[in-house]
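*Asks:* Compact mmCIF, C-alpha atoms, saved as data36.txt, coming up:
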# COMPACT_ATOMS: atom_id res chain seq x y z
CA MET A 6 110.12 92.75 91.19
CA ASP A 7 110.31 94.15 87.68
CA LYS A 8 113.75 95.41 86.82
CA ARG A 9 114.99 97.69 84.09
CA GLN A 10 118.51 97.99 82.85
CA MET A 11 120.58 101.11 82.34
CA THR A 12 124.16 101.74 81.36
CA LEU A 13 126.09 104.07 83.62
CA MET A 14 129.23 105.77 82.36
CA LEU A 15 131.52 106.92 85.16
CA SER A 16 134.71 108.94 85.03
CA GLU A 17 137.91 107.29 86.17
CA ARG A 18 137.73 109.24 89.43
CA GLU A 19 134.10 108.36 90.03
CA MET A 20 134.81 104.69 89.42
CA THR A 21 137.78 104.81 91.79
CA ILE A 22 135.60 106.32 94.50
CA LEU A 23 132.88 103.76 93.83
CA ASP A 24 135.42 100.94 94.12
CA GLU A 25 136.83 102.35 97.35
CA LEU A 26 133.45 103.00 98.94
CA ALA A 27 132.15 99.57 97.98
CA ALA A 28 135.23 97.89 99.47
CA GLU A 29 135.09 100.01 102.61
CA ARG A 30 131.40 99.33 103.20
CA GLY A 31 131.47 95.66 102.22
CA LEU A 32 128.98 96.13 99.41
CA SER A 33 129.03 95.31 95.75
CA LYS A 34 129.14 98.34 93.48
CA THR A 35 125.55 97.68 92.44
CA ALA A 36 124.38 97.36 96.05
CA LEU A 37 126.17 100.58 96.95
CA LEU A 38 124.55 102.53 94.12
CA ARG A 39 121.12 101.19 95.05
CA GLN A 40 121.69 102.13 98.69
CA ALA A 41 122.86 105.59 97.63
CA LEU A 42 119.60 106.04 95.72
CA ARG A 43 117.53 104.94 98.74
CA LEU A 44 119.40 107.31 101.05
CA TYR A 45 119.25 110.19 98.60
CA GLN A 46 115.50 109.81 98.20
CA SER A 47 115.06 109.50 101.96
CA VAL A 48 117.01 112.72 102.57
CA THR A 49 115.17 114.49 99.76
CA VAL A 50 111.77 113.55 101.17
CA ARG A 51 112.68 114.82 104.63
CA ILE A 52 114.15 118.07 103.38
CA SER A 53 111.11 118.61 101.16
CA ALA A 54 108.98 118.22 104.26
CA GLY A 55 110.89 121.07 105.90
CA GLU A 56 113.27 119.00 108.03
CA LYS A 57 116.96 119.82 108.30
CA LEU A 58 119.93 117.52 108.04
CA PHE A 59 122.68 117.92 110.64
CA VAL A 60 126.08 116.41 111.25
CA GLU A 61 127.43 116.21 114.79
CA HIS A 62 131.05 116.46 115.85
CA PRO A 63 131.88 113.24 117.75
CA GLU A 64 133.63 115.00 120.64
CA THR A 65 132.27 118.51 120.94
CA LYS A 66 128.76 117.36 119.96
CA GLU A 67 128.54 120.56 117.98
CA LYS A 68 125.91 120.27 115.29
CA ALA A 69 126.20 121.78 111.83
CA GLU A 70 123.49 121.82 109.27
CA LEU A 71 124.36 119.95 106.12
CA VAL A 72 123.47 122.35 103.37
CA VAL A 73 121.85 120.64 100.43
CA LEU A 74 121.54 122.94 97.47
CA MET B 24 103.13 95.41 96.02
CA LYS B 25 102.45 92.51 98.35
CA GLU B 26 104.30 89.30 97.55
CA ALA B 27 104.29 85.95 99.35
CA ILE B 28 107.91 85.06 100.01
CA GLU B 29 107.84 82.11 102.38
CA THR B 30 105.60 79.64 104.17
CA VAL B 31 106.58 78.64 107.70
CA ASP B 32 104.86 76.37 110.20
CA LEU B 33 103.88 78.07 113.46
CA LEU B 34 102.68 76.30 116.58
CA ASN B 35 99.08 76.90 117.59
CA ARG B 36 99.37 76.66 121.36
CA GLU B 37 95.67 75.89 121.74
CA THR B 38 95.60 72.89 119.42
CA GLN B 39 99.30 72.02 119.79
CA GLN B 40 99.31 71.65 116.00
CA PHE B 41 101.57 73.44 113.53
CA GLU B 42 99.79 75.60 110.97
CA PRO B 43 101.17 77.13 107.76
CA ALA B 44 101.84 80.83 108.04
CA ILE B 45 102.60 82.92 104.97
CA LEU B 46 105.23 85.64 105.17
CA TYR B 47 104.53 88.51 102.80
CA ARG B 48 106.81 91.30 101.70
CA GLY B 49 104.53 94.31 101.54
CA ILE B 50 101.49 95.21 103.59
CA ASP B 51 98.17 95.70 101.85
CA LYS B 52 94.63 96.81 102.64
CA THR B 53 93.76 93.39 104.10
CA ASN B 54 96.47 93.75 106.73
CA LEU B 55 95.55 97.33 107.59
CA ASP B 56 91.88 96.36 107.81
CA ASP B 57 92.83 93.51 110.13
CA PHE B 58 94.66 95.98 112.30
CA ASP B 59 91.66 98.34 112.40
CA ARG B 60 88.98 95.70 112.82
CA ARG B 61 90.66 92.84 114.68
CA TRP B 62 93.68 94.19 116.59
CA ARG B 63 92.72 97.71 117.52
CA PRO B 64 89.33 97.01 119.13
CA LEU B 65 90.91 94.44 121.43
CA ILE B 66 93.70 96.82 122.40
CA ASP B 67 91.35 99.79 122.82
CA VAL B 68 89.07 97.86 125.17
CA ARG B 69 92.04 96.85 127.29
CA ILE B 70 93.55 100.34 127.30
CA ALA B 71 90.23 101.76 128.51
CA GLN B 72 90.53 99.53 131.58
CA MET B 73 94.08 100.65 132.37
CA THR B 74 94.97 103.27 134.92
CA SER B 75 98.78 103.15 134.97
CA PRO B 76 101.75 102.67 132.62
CA SER B 77 102.74 99.56 134.54
CA GLU B 78 99.40 97.96 133.70
CA ILE B 79 99.96 98.76 130.02
CA ALA B 80 103.40 97.18 130.20
CA ALA B 81 102.05 94.11 131.95
CA ALA B 82 99.41 93.73 129.26
CA ASN B 83 102.11 93.89 126.58
CA ILE B 84 100.46 96.77 124.72
CA GLN B 85 102.96 99.61 124.96
CA ASP B 86 102.47 99.91 121.20
CA TRP B 87 98.79 100.76 121.69
CA HIS B 88 99.24 104.14 119.99
CA TRP B 89 100.86 102.79 116.81
CA ASP B 90 98.63 103.58 113.85
CA TRP B 91 99.70 101.13 111.17
CA ARG B 92 97.50 102.67 108.49
CA ASP B 93 99.04 106.10 109.01
CA LYS B 94 102.54 104.64 109.10
CA ALA B 95 101.91 102.78 105.84
CA LYS B 96 100.67 105.96 104.19
CA LYS B 97 103.75 107.91 105.24
CA ARG B 98 106.08 105.28 103.80
CA THR B 99 104.40 104.97 100.42
CA GLY B 100 106.85 105.34 97.57
CA GLN B 101 109.97 105.40 99.74
CA LEU B 102 112.66 103.11 98.38
CA ALA B 103 114.27 102.67 101.79
CA SER B 104 111.05 101.45 103.37
CA ASP B 105 109.91 97.86 103.40
CA SER B 106 107.06 96.15 105.13
CA PHE B 107 106.22 92.57 106.01
CA ALA B 108 103.13 90.71 107.21
CA VAL B 109 102.54 87.23 108.58
CA GLU B 110 99.16 85.69 107.89
CA ILE B 111 97.50 82.45 108.91
CA ASP B 112 94.28 81.57 107.13
CA GLY B 113 94.28 85.08 105.70
CA ILE B 114 94.31 86.77 109.10
CA THR B 115 97.17 89.08 109.99
CA GLN B 116 99.27 87.71 112.84
CA GLY B 117 102.17 90.15 112.73
CA LEU B 118 103.39 93.32 111.01
CA LEU B 119 106.78 94.93 110.45
CA PHE B 120 108.06 98.15 108.94
CA THR B 121 111.77 98.50 108.17
CA THR B 122 114.03 101.14 106.70
CA SER B 123 117.40 100.65 105.09
CA ALA B 124 118.32 104.30 105.59
CA ALA B 125 120.18 103.51 108.80
CA PHE B 126 123.70 102.90 110.03
CA ALA B 127 125.24 100.56 112.57
CA ARG B 128 126.49 101.71 115.97
CA ILE B 129 128.40 98.73 117.35
CA ASP B 130 132.15 99.38 117.07
CA GLU B 131 132.89 96.36 114.88
CA GLN B 132 130.36 97.50 112.26
CA LYS B 133 130.01 101.18 113.06
CA GLY B 134 128.77 103.25 110.14
CA LEU B 135 127.92 100.29 107.95
CA ASP B 136 124.46 99.94 106.50
CA ILE B 137 121.82 98.06 108.44
CA VAL B 138 118.16 97.22 108.11
CA TYR B 139 116.45 99.10 110.93
CA LEU B 140 113.21 97.66 112.31
CA GLU B 141 110.98 100.67 112.80
CA TYR B 142 107.88 98.92 114.09
CA LEU B 143 107.26 95.25 114.81
CA ALA B 144 104.12 93.91 116.42
CA THR B 145 102.27 90.64 116.74
CA ALA B 146 98.49 90.40 116.94
CA PRO B 147 97.26 90.94 120.49
CA TRP B 148 95.92 87.39 120.76
CA ASN B 149 99.47 86.09 120.30
CA ARG B 150 100.93 88.11 123.18
CA LYS B 151 101.79 86.82 126.60
CA GLY B 152 100.51 89.31 129.12
CA PHE B 153 97.66 90.42 126.92
CA THR B 154 96.08 87.02 127.18
CA THR B 155 96.77 84.10 129.47
CA ARG B 156 96.50 81.80 126.46
CA PRO B 157 98.41 83.33 123.52
CA ILE B 158 97.69 81.45 120.32
CA TYR B 159 100.51 81.41 117.75
CA LYS B 160 104.12 81.07 118.79
CA GLY B 161 106.96 82.44 116.69
CA VAL B 162 105.38 85.30 114.75
CA GLY B 163 107.91 87.85 115.99
CA ARG B 164 110.74 85.49 115.22
CA VAL B 165 109.54 85.10 111.62
CA LEU B 166 109.50 88.90 111.23
CA VAL B 167 112.99 89.35 112.68
CA ALA B 168 114.21 86.63 110.32
CA ALA B 169 112.55 88.51 107.44
CA ALA B 170 114.51 91.64 108.36
CA ILE B 171 117.75 89.63 108.46
CA SER B 172 116.92 88.13 105.08
CA LEU B 173 116.26 91.59 103.67
CA SER B 174 119.58 92.75 105.09
CA HIS B 175 121.31 89.93 103.19
CA ASP B 176 119.39 90.79 100.01
CA LEU B 177 120.59 94.39 100.20
CA GLY B 178 124.19 93.32 100.77
CA PHE B 179 124.21 94.26 104.48
CA GLN B 180 125.22 90.75 105.58
CA GLY B 181 122.38 90.29 108.05
CA ARG B 182 123.04 93.39 110.13
CA ILE B 183 119.89 94.82 111.76
CA GLY B 184 119.05 97.33 114.49
CA LEU B 185 116.04 98.64 116.39
CA HIS B 186 114.79 100.62 119.35
CA SER B 187 112.68 98.48 121.63
CA ILE B 188 109.67 99.44 123.66
CA PRO B 189 110.34 98.33 127.26
CA GLN B 190 107.98 95.33 127.14
CA SER B 191 110.06 93.73 124.37
CA GLU B 192 113.59 94.45 125.60
CA SER B 193 114.24 91.05 127.14
CA TRP B 194 112.90 89.30 124.04
CA TYR B 195 115.32 91.11 121.73
CA ARG B 196 118.23 90.75 124.15
CA ASP B 197 117.75 87.26 125.53
CA THR B 198 115.73 85.43 122.90
CA CYS B 199 117.06 87.06 119.73
CA GLY B 200 120.57 87.56 121.11
CA MET B 201 120.79 91.18 120.02
CA ASN B 202 123.42 93.50 121.50
CA ASP B 203 121.93 95.93 124.02
CA LEU B 204 123.58 99.33 123.55
CA GLY B 205 121.59 100.92 126.33
CA VAL B 206 119.15 103.78 126.50
CA ASP B 207 119.38 106.09 123.51
CA MET B 208 119.67 109.71 124.60
CA ASN B 209 118.98 110.94 121.07
CA ALA B 210 116.16 113.47 121.00
CA ASP B 211 113.96 111.15 118.93
CA HIS B 212 113.91 108.64 121.77
CA ARG B 213 114.08 111.02 124.70
CA GLY B 214 116.17 108.71 126.81
CA VAL B 215 113.35 106.20 126.98
CA LEU B 216 114.04 103.50 124.45
CA ARG B 217 116.99 101.12 124.45
CA TYR B 218 118.84 100.49 121.21
CA PHE B 219 119.60 96.95 120.08
CA GLU B 220 121.74 95.78 117.21
CA MET B 221 122.62 92.44 115.64
CA THR B 222 125.94 91.77 113.93
CA SER B 223 126.36 89.59 110.90
CA ASP B 224 127.57 86.75 113.13
CA GLY B 225 124.62 87.31 115.45
CA ALA B 226 122.26 87.13 112.50
CA ASN B 227 123.79 83.83 111.39
CA ALA B 228 123.43 82.46 114.92
CA PHE B 229 119.80 83.62 115.09
CA ILE B 230 118.89 82.03 111.77
CA SER B 231 120.58 78.73 112.58
CA SER B 232 119.14 78.47 116.10
As structure tokens, what does this structure read like?

*Replies:*
Amino acid sequence: MDKRQMTLMLSEREMTILDELAAERGLSKTALLRQALRLYQSVTVRISAGEKLFVEHPETKEKAELVVL
Amino acid sequence: MKEAIETVDLLNRETQQFEPAILYRGIDKTNLDDFDRRWRPLIDVRIAQMTSPSEIAAANIQDWHWDWRDKAKKRTGQLASDSFAVEIDGITQGLLFTTSAAFARIDEQKGLDIVYLEYLATAPWNRKGFTTRPIYKGVGRVLVAAAISLSHDLGFQGRIGLHSIPQSESWYRDTCGMNDLGVDMNADHRGVLRYFEMTSDGANAFISS
């Protein structure tokens, strides 16, 4: 697979969150960013097709639409 | 883009000889044409003879309605989607679609990323039930191993999951050693399909077995 390089500048806070998320999810920072891109595209495609994204409360099972602006 | 990633020897049950099978990442026109021209006619003929769901299950063709060409079209350009094919002598023996936009359900790995097997099928001539003399053994296993390998490549440590059509439940549970989480009541599966998941340890055990 052809790969291209980019430099990503993150704020201190963004880097802290990236470190924490990567540790929590057992991923490298690179793997986490790639997965974030896959998920973001997946959500975008579905919303563009008219689908809605919901989150469900674990106990009440109440569903709330996740508003993506 | 289709890329050969591994060659594995699969047993031809008719000749009792091992033959080299090529595992490809990516499905191309050849594979979809094989589905249309080699798989589908066999399945359609059999379906036309069926009168009950139990006959369809017994013939191992509960996937008879899967349209691989349409599924490939819908997944074009999606980063989370991957596909795999197994070929012997240029003929498609098995197909797999996966997505990495999925999360684990087992408590010990709940919420972590997994590779989810959306559709996995072997050619009808390799299926017990469809024929009394299935030809190649191990096609499904190669495809499950491909999903595990992809999971490792993405940093998911081998974790995979899937919903199984009823005819394949025992294979995923007993042969692959996947955890059976029961019937999924989610609307997408209408309380019909059981959900199976493999942990990282389970993936290691599967690969080394």

*Asks:* Measuring between all atoms listed in the file, which one of B:Ser191, B:Val138, B:His186, B:Ser106 shows the shortest distance to Arg150 of chain B?

*Replies:*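 Residue with the minimum atom-to-atom distance to Arg150 of chain B: B:Ser191.
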
*Asks:* Identify, on the basis of all atoms listed in the file, every residue whose closest approach to Leu71 of chain A does not exceed 8 Å; exclude the query and any residue fewer than 5 positions from it along the same chain; express the result as a ChimeraX atom specification.

*Replies:* /A:57-60

*Asks:* Using all atoms listed in the file and a distance of at most 9 Å, pull out the residues of chain B that contact chain A, as a list in words.

*Replies:*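 Only these qualify: Met24, Gln101, Leu102, Ala103, Ser104, Ser123, Ala124, Ala125, Gly134, Leu135, Asp136, Leu177, Gly178, Phe179 and Gln180 of chain B.
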
*Asks:* Rounded to one decimal in Å, what is the spacing between atom CA of Ile50 of chain B and atom CA of Thr99 of chain B?

*Replies:* 10.7 Å

*Asks:* Find the smallest box with edges along x, y and z containing every listed atom of segment 95-99 of chain B, then add 6 Å on each side and report centre and edge lengths in Å to one decimal, as JSON.

*Replies:*
{"center_x": 103.4, "center_y": 105.3, "center_z": 103.1, "size_x": 17.4, "size_y": 17.1, "size_z": 17.4}

*Asks:* For a test of reading the model, state the distance in Å between atom CA of Gly152 of chain B and atom CA of Ile84 of chain B, rounded to one decimal.

*Replies:*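 Atom CA of Ile84 of chain B lies at a distance of 8.7 Å from atom CA of Gly152 of chain B.
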
*Asks:* Tell me which of B:Gly49, B:Thr145, B:Leu185, B:Arg69 sits closest to Ala81 of chain B, counting only C-alpha atoms.

*Replies:*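 Ranked by minimum distance to Ala81 of chain B, first place goes to B:Arg69.
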
*Asks:* Please provide as a tab-separated table (two decimals) with C-alpha atoms, in the coordinates of the input all residues within 12 Å of Asn227 of chain B, with the sequence filter that same-chain residues fewer than 3 positions apart are discarded (counting all atoms listed in the file).

*Replies:*
chain	number	residue	atom	x	y	z
B	168	ALA	CA	114.21	86.63	110.32
B	171	ILE	CA	117.75	89.63	108.46
B	172	SER	CA	116.92	88.13	105.08
B	174	SER	CA	119.58	92.75	105.09
B	175	HIS	CA	121.31	89.93	103.19
B	180	GLN	CA	125.22	90.75	105.58
B	181	GLY	CA	122.38	90.29	108.05
B	182	ARG	CA	123.04	93.39	110.13
B	183	ILE	CA	119.89	94.82	111.76
B	199	CYS	CA	117.06	87.06	119.73
B	200	GLY	CA	120.57	87.56	121.11
B	201	MET	CA	120.79	91.18	120.02
B	221	MET	CA	122.62	92.44	115.64
B	222	THR	CA	125.94	91.77	113.93
B	223	SER	CA	126.36	89.59	110.90
B	224	ASP	CA	127.57	86.75	113.13
B	230	ILE	CA	118.89	82.03	111.77
B	231	SER	CA	120.58	78.73	112.58
B	232	SER	CA	119.14	78.47	116.10

*Asks:* Quick one: distance from atom CA of Trp87 of chain B to atom CA of Asp51 of chain B in Å, one decimal?

*Replies:* 20.5 Å

*Asks:* List the spatial neighbours of Asp59 of chain B as a VMD selection string - criterion: any atom at most 12 Å away, all atoms listed in the file, same-chain residues fewer than 2 positions off excluded.

*Replies:* chain B and resid 52 to 57 61 to 67 87 89 to 93 115 146

*Asks:* Could you save those same residues with C-alpha atoms as a tab-separated table (two decimals), in the frame of the given file?

*Replies:*
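Generated file (part-v9.tsv):
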chain	number	residue	atom	x	y	z
B	52	LYS	CA	94.63	96.81	102.64
B	53	THR	CA	93.76	93.39	104.10
B	54	ASN	CA	96.47	93.75	106.73
B	55	LEU	CA	95.55	97.33	107.59
B	56	ASP	CA	91.88	96.36	107.81
B	57	ASP	CA	92.83	93.51	110.13
B	61	ARG	CA	90.66	92.84	114.68
B	62	TRP	CA	93.68	94.19	116.59
B	63	ARG	CA	92.72	97.71	117.52
B	64	PRO	CA	89.33	97.01	119.13
B	65	LEU	CA	90.91	94.44	121.43
B	66	ILE	CA	93.70	96.82	122.40
B	67	ASP	CA	91.35	99.79	122.82
B	87	TRP	CA	98.79	100.76	121.69
B	89	TRP	CA	100.86	102.79	116.81
B	90	ASP	CA	98.63	103.58	113.85
B	91	TRP	CA	99.70	101.13	111.17
B	92	ARG	CA	97.50	102.67	108.49
B	93	ASP	CA	99.04	106.10	109.01
B	115	THR	CA	97.17	89.08	109.99
B	146	ALA	CA	98.49	90.40	116.94

*Asks:* May I have the residues at most 12 Å from (108.4, 85.3, 113.3) in the file's coordinates, counting only C-alpha atoms, as a ChimeraX atom specification?

*Replies:* /B:29-34,44-47,107-110,116-119,143-146,149,159-171,199,229-230

*Asks:* Write a file of the just-selected residues containing C-alpha atoms, as a JSON list (two decimals), keeping the file's coordinate frame.

*Replies:*
[["chain", "number", "residue", "atom", "x", "y", "z"],
["B", 29, "GLU", "CA", 107.84, 82.11, 102.38],
["B", 30, "THR", "CA", 105.60, 79.64, 104.17],
["B", 31, "VAL", "CA", 106.58, 78.64, 107.70],
["B", 32, "ASP", "CA", 104.86, 76.37, 110.20],
["B", 33, "LEU", "CA", 103.88, 78.07, 113.46],
["B", 34, "LEU", "CA", 102.68, 76.30, 116.58],
["B", 44, "ALA", "CA", 101.84, 80.83, 108.04],
["B", 45, "ILE", "CA", 102.60, 82.92, 104.97],
["B", 46, "LEU", "CA", 105.23, 85.64, 105.17],
["B", 47, "TYR", "CA", 104.53, 88.51, 102.80],
["B", 107, "PHE", "CA", 106.22, 92.57, 106.01],
["B", 108, "ALA", "CA", 103.13, 90.71, 107.21],
["B", 109, "VAL", "CA", 102.54, 87.23, 108.58],
["B", 110, "GLU", "CA", 99.16, 85.69, 107.89],
["B", 116, "GLN", "CA", 99.27, 87.71, 112.84],
["B", 117, "GLY", "CA", 102.17, 90.15, 112.73],
["B", 118, "LEU", "CA", 103.39, 93.32, 111.01],
["B", 119, "LEU", "CA", 106.78, 94.93, 110.45],
["B", 143, "LEU", "CA", 107.26, 95.25, 114.81],
["B", 144, "ALA", "CA", 104.12, 93.91, 116.42],
["B", 145, "THR", "CA", 102.27, 90.64, 116.74],
["B", 146, "ALA", "CA", 98.49, 90.40, 116.94],
["B", 149, "ASN", "CA", 99.47, 86.09, 120.30],
["B", 159, "TYR", "CA", 100.51, 81.41, 117.75],
["B", 160, "LYS", "CA", 104.12, 81.07, 118.79],
["B", 161, "GLY", "CA", 106.96, 82.44, 116.69],
["B", 162, "VAL", "CA", 105.38, 85.30, 114.75],
["B", 163, "GLY", "CA", 107.91, 87.85, 115.99],
["B", 164, "ARG", "CA", 110.74, 85.49, 115.22],
["B", 165, "VAL", "CA", 109.54, 85.10, 111.62],
["B", 166, "LEU", "CA", 109.50, 88.90, 111.23],
["B", 167, "VAL", "CA", 112.99, 89.35, 112.68],
["B", 168, "ALA", "CA", 114.21, 86.63, 110.32],
["B", 169, "ALA", "CA", 112.55, 88.51, 107.44],
["B", 170, "ALA", "CA", 114.51, 91.64, 108.36],
["B", 171, "ILE", "CA", 117.75, 89.63, 108.46],
["B", 199, "CYS", "CA", 117.06, 87.06, 119.73],
["B", 229, "PHE", "CA", 119.80, 83.62, 115.09],
["B", 230, "ILE", "CA", 118.89, 82.03, 111.77]]
